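Each remark here refers to the structure printed beneath this line.
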Amino acid sequence: MSKKIGVHWFRLDLRLNDNPSLEKLSKEVDSVLPIYIFDENIKIGQASKCWLEKSLEKLNAELNKLESKLYVFKGDSKKIIGEIINNKNISHVFWNRLYDKKSIKRDKDIKSFLINKSIVSNTFNGYLLTEPWNIKNKSGSFFKVFTPFWKTNFELLKEKKLKKKSSSKILFYKKKINLKEHSLKINIPRKKWMNKILSHWDIGEQSAQLRLKNFIKNKLNNYGSGRDRPDIEFTSRLSAHLHFGEISPMRVFSDVMNSKIDGDNKQKYLSEIGWRDFSYNLLFNYPEITELPIQSKFLKFPWLKDSNSIKQWKAGKTGVPIVDAGMKELYEMGWMHNRVRMIVGSFLTKNLLLHWKNGENWFFDTLVDADIGSNAAGWQWISGSGADASPYFRIFNPILQGKKFDPKGDYVRKYIPSLNKIPDKFVHSPWEMSVDDQKKYNFNLGKDYPLPIVDLSETRKRALAAFKSISE
DNA sequence: TTTTGAGTTGTTCGA
DNA sequence: GTCGAACAACTCAAA
């Protein structure tokens with residue numbers, strides 16, 4: 001009797017531990033053939049691409065330790081899987097599920113194709129704490145408000161148990177296959193920029209686990225109050241690791257739950273992981289979230305069209321320090337602190353009155369953690385058009401936000417060095433300096449740092465009027 | 001079916 | 001400086 005070979009198709013689950021598909025598959029076959037496909041039909045941003053390349057490299061290295069490797073392909077997923085099962089005597093093809101419209105359609109199609117070919121095909125949850133269809137409110141539909149969603153989800157999770165370590169060793173396929181494989185390298189434009197981003201991160205499963213461990217040990221006990229401070233590193237920075245599945249959300253949930261940290265900080269952090277699930281709950285039940293406002297009245301919102309101010313926003317040249325610092329952090333690291341994401345989002349959609357899609361696209365391209373669900377839900381939330389969105393009058397004042405969450409100006413100075421010259425008092429609003437002040441500190445407003453491209457108070461009023469115009 | 005209370009992350013104004 | 005009210009009306013979730 002010939003040995004059974006099963007394919008595990010890696011997608012956003014680039015890890016060997018806590019990987020349900022891998023674990024189940026290894027129990028049903030004699031060896032696992034681990035594959036990755038660069039699917040040309042799936043949209044991916046630039047920053048994500050460079051993280052992905054590195055992450056695949058790390059995964060391949062882990063497989064090398066087990067005397068196997070990652071079998072990489074490029075092209076149409078269905079076609080490639082078809083070629084693999086024709087070429088090798090494959091009995092199973094397993095993977096972990098995704099939740100956006102395009103992936104769901106593709107995966108369903110591939111699954112029925114496999115079943116027609118008499119291949120065992122099974123899919124699992126390796127990406128979310130709880131999958132959208134398992135959380136319903138009492139009237140049987142999906143939750144549109146976070147708090148009750150999380151309450152329900154949390155109750156479900158308390159009953160789940162996660163094993164400490166996978167009990168059985170997985171045997172990976174080691175031989176050559178007669179198919180055209182693709183190299184691990186991706187063609188990445190703007191290599192210099194991308195390398196700068198990469199220099200800030202340790203990528204891969206091992207690094208993700210270490211990061212979680214250190215976060216729980218050193219930072220979690222200050223998370224509740226610290227999480228809003230971009231000037232100090234208080235957050236876990238696990239977002240990209242979670243996005244690529246280098247660590248499972250269940251592992252994060254369970255390790256944080258089991259830590260001996262005060263309950264309040266723990267709850268705050270867990271609920272942030274809950275937001276990730278909530279975004280996917282919205283994306284799954286309302287796939288149009290990436291394009292259309294959840295509140296349909298926003299279809300007639302009077303967005304402006306102004307390519308110049310979009311450029312200034314992207315480049316971090318708006319003249320508002322906390323906004324510019326955030327955009328520079330994004331360009332430097334491929335990542336931005338969550339509090340600052342809200343501030344730059346509010347500035348774009350409310351002060352500049354530009355459509356949230358502008359921001360969503362830019363974030364999708366430049367964030368290493370760019371994630372369809374979280375990105376769309378986040379932008380809809382900040383622009384006011386989302387489910388459970390902020391009330392129309394909640395327009396962030398970037399000066400106040402700066403003073404509150406970056407009180408010494410350390411964050412803005414880090415990304416805008418010219419602000420080192422001026423005292424804390426002006427660091428979040430340099431335009432308030434008089435000519436004498438500027439002389440005193442040898443700071444030339446308009447030259448050392450741009451004047452604000454809009455008047456904050458005027459544009460606030462303009463945004464309020466715009467909201468009023470759609471609220472009949 | 002109807003009713004009731006609540007809803008992520010804010011700001012401004014005036015006492 | 002501090003504090004509470006006002007800022008719309010609407011939708012959601014649960015009793």
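Please note that chains go A, B, ... in the order of the structure tokens, that every chain numbers its residues from 1, and that ligands are numbered from 1 in the order shown.
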_Report as an MDAnalysis selection string all protein, DNA and RNA residues lying within 12 Å of DG4 (chain C), evaluated on only C-alpha atoms (C1' of nucleotides), omitting residues in the same chain fewer than 5 positions from it._
chainID B and resid 12:15
For the residues in that selection, give me N, CA and C atoms (P, O5', C5', C4', C3', O3' and C1' of nucleotides) as a CSV table (one decimal), in the first residue's frame.
```
chain,number,residue,atom,x,y,z
B,12,DT,P,-12.1,71.8,20.5
B,12,DT,O5',-13.4,72.6,21.1
B,12,DT,C5',-14.6,72.5,20.3
B,12,DT,C4',-15.7,73.1,21.1
B,12,DT,C3',-15.3,74.4,21.7
B,12,DT,O3',-16.3,75.4,21.4
B,12,DT,C1',-16.3,73.0,23.3
B,13,DC,P,-16.1,76.9,21.7
B,13,DC,O5',-17.2,77.3,22.7
B,13,DC,C5',-18.5,76.6,22.6
B,13,DC,C4',-19.2,76.7,23.9
B,13,DC,C3',-18.8,78.0,24.7
B,13,DC,O3',-20.0,78.6,25.1
B,13,DC,C1',-18.5,76.1,26.1
B,14,DG,P,-20.0,80.2,25.6
B,14,DG,O5',-20.8,80.1,26.9
B,14,DG,C5',-21.7,79.0,27.2
B,14,DG,C4',-21.7,78.7,28.7
B,14,DG,C3',-21.5,79.9,29.6
B,14,DG,O3',-22.3,79.8,30.7
B,14,DG,C1',-19.9,78.3,30.1
B,15,DA,P,-22.6,81.1,31.6
B,15,DA,O5',-22.7,80.4,33.0
B,15,DA,C5',-23.4,79.2,33.2
B,15,DA,C4',-22.8,78.5,34.4
B,15,DA,C3',-22.6,79.3,35.6
B,15,DA,O3',-23.1,78.6,36.8
B,15,DA,C1',-20.6,78.2,35.0
```
_Polymer residues at most 8 Å from Gly274 (chain A), only C-alpha atoms (C1' of nucleotides), same-chain spacing of 3 or more positions, as a ChimeraX atom specification_ = /A:129,150,270-271,277-278
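Relative to CA of Leu354 (chain A), CA of Trp379 (chain A) is found at 11.8 Å.
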_DSSP on the backbone: which residues in region 230-446 of chain A end up as helix (DSSP H, G or I)? Give the answer as a VMD selection string._
chain A and resid 239 to 243 249 to 258 263 to 285 287 to 290 296 to 300 307 to 315 321 to 333 338 to 351 356 to 366 372 to 383 398 to 405 410 to 415 417 to 421 424 to 427 430 to 432 435 to 440
Hey, could you make a per-residue contact list for chain C against chain A with 8 Å as the cut-off, showing the nearest pair of atoms and its distance in Å to one decimal, counting only C-alpha atoms (C1' of nucleotides), sorted by chain and number, as JSON lines?
```
{"residue": "C:DC7", "atom": "C1'", "partner": "A:Phe393", "partner_atom": "CA", "distance": 6.5}
{"residue": "C:DC12", "atom": "C1'", "partner": "A:Val145", "partner_atom": "CA", "distance": 7.0}
{"residue": "C:DA13", "atom": "C1'", "partner": "A:Asn137", "partner_atom": "CA", "distance": 7.5}
{"residue": "C:DA14", "atom": "C1'", "partner": "A:Lys138", "partner_atom": "CA", "distance": 7.7}
```
*Near-Pro249 (chain A) list (7 Å; only C-alpha atoms (C1' of nucleotides); drop same-chain fewer than 5 positions) as a PyMOL selection string*: chain A and resi 127-129+242
Please produce a file of the residues just selected, as a compact mmCIF listing (two decimals), in the first residue's frame, where the atoms kept are C-alpha atoms.
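See selection.txt below for the written result:
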```
# COMPACT_ATOMS: atom_id res chain seq x y z
CA TYR A 127 -7.28 32.95 11.92
CA LEU A 128 -9.97 34.08 14.35
CA LEU A 129 -10.93 33.48 17.94
CA LEU A 242 -1.28 38.11 13.69
```
Set the cut-off to 10 Å and count only C-alpha atoms (C1' of nucleotides): what are the residues of chain A that reach chain B? Output as a short mmCIF file (atom, residue, chain, number, x, y, z; two decimals) with N, CA and C atoms, in the first residue's frame.
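Wrote it out as part05.cif, contents follow:
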```
data_model
loop_
_atom_site.label_atom_id
_atom_site.label_comp_id
_atom_site.auth_asym_id
_atom_site.auth_seq_id
_atom_site.Cartn_x
_atom_site.Cartn_y
_atom_site.Cartn_z
N VAL A 145 -22.82 45.90 17.06
CA VAL A 145 -22.22 46.74 18.11
C VAL A 145 -21.16 45.91 18.84
N PHE A 146 -20.03 46.55 19.09
CA PHE A 146 -18.91 45.78 19.63
C PHE A 146 -19.17 45.18 21.00
N THR A 147 -19.65 45.98 21.94
CA THR A 147 -19.74 45.51 23.32
C THR A 147 -20.54 44.21 23.49
N ASP A 228 -2.54 54.14 24.97
CA ASP A 228 -2.82 55.35 24.20
C ASP A 228 -1.60 56.25 24.00
N GLU A 272 -9.01 44.32 22.64
CA GLU A 272 -8.41 44.77 21.37
C GLU A 272 -8.27 43.60 20.39
N TRP A 275 -11.55 43.16 18.93
CA TRP A 275 -11.87 44.06 17.82
C TRP A 275 -11.50 43.47 16.47
N ASN A 338 -1.81 52.86 17.24
CA ASN A 338 -3.26 52.89 17.05
C ASN A 338 -3.91 54.24 17.35
N ARG A 339 -3.51 54.87 18.42
CA ARG A 339 -4.07 56.18 18.77
C ARG A 339 -3.83 57.17 17.63
N MET A 342 -6.01 56.83 14.57
CA MET A 342 -7.30 57.51 14.70
C MET A 342 -7.16 59.00 14.43
N TRP A 381 -15.16 53.38 10.76
CA TRP A 381 -15.45 53.85 12.11
C TRP A 381 -15.02 55.31 12.27
N ILE A 382 -13.79 55.61 11.87
CA ILE A 382 -13.29 56.97 12.10
C ILE A 382 -14.01 57.99 11.22
N ASP A 388 -21.88 51.20 14.42
CA ASP A 388 -21.38 51.51 15.75
C ASP A 388 -20.29 52.57 15.68
N ALA A 389 -20.40 53.47 14.72
CA ALA A 389 -19.35 54.47 14.51
C ALA A 389 -19.44 55.57 15.55
N SER A 390 -18.41 56.38 15.55
CA SER A 390 -18.41 57.50 16.49
C SER A 390 -19.52 58.48 16.12
N PRO A 391 -20.09 59.16 17.10
CA PRO A 391 -21.09 60.16 16.78
C PRO A 391 -20.48 61.25 15.88
N PHE A 393 -20.22 64.27 15.96
CA PHE A 393 -19.50 65.42 16.54
C PHE A 393 -18.14 65.04 17.11
N ARG A 394 -17.82 63.76 17.05
CA ARG A 394 -16.53 63.34 17.62
C ARG A 394 -15.42 63.57 16.63
N ILE A 395 -15.01 64.81 16.52
CA ILE A 395 -13.93 65.18 15.61
C ILE A 395 -12.69 65.45 16.45
N PHE A 396 -11.66 64.70 16.21
CA PHE A 396 -10.46 64.85 17.03
C PHE A 396 -9.81 66.20 16.81
N ASN A 397 -9.40 66.80 17.91
CA ASN A 397 -8.59 68.00 17.82
C ASN A 397 -7.12 67.57 18.00
N LEU A 400 -5.11 68.91 21.02
CA LEU A 400 -5.47 68.31 22.30
C LEU A 400 -4.99 66.87 22.41
N GLN A 401 -5.20 66.13 21.32
CA GLN A 401 -4.76 64.74 21.32
C GLN A 401 -3.26 64.64 21.56
#
```
_Selected residue, from A:Pro423, A:Leu456, A:Val344, A:Gln295, that lies nearest to DC10 (chain C) when counting only C-alpha atoms (C1' of nucleotides)_ = A:Gln295
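Taking the backbone of this structure through DSSP, the residues of region 31-261 of chain A that come out as strand (DSSP E or B) are Ser31, Val32, Leu33, Pro34, Ile35, Tyr36, Ile37, Phe38, Asp39, Tyr71, Val72, Phe73, Lys74, Gly75, Ile90, Ser91, His92, Val93, Phe94, Trp95, Asn96, Val120, Ser121, Asn122, Thr123, Phe124 and Phe172 of chain A.
Atom pair CA of Phe284 (chain A) / CA of Leu348 (chain A) has a distance of 26.6 Å (rounded to one decimal).
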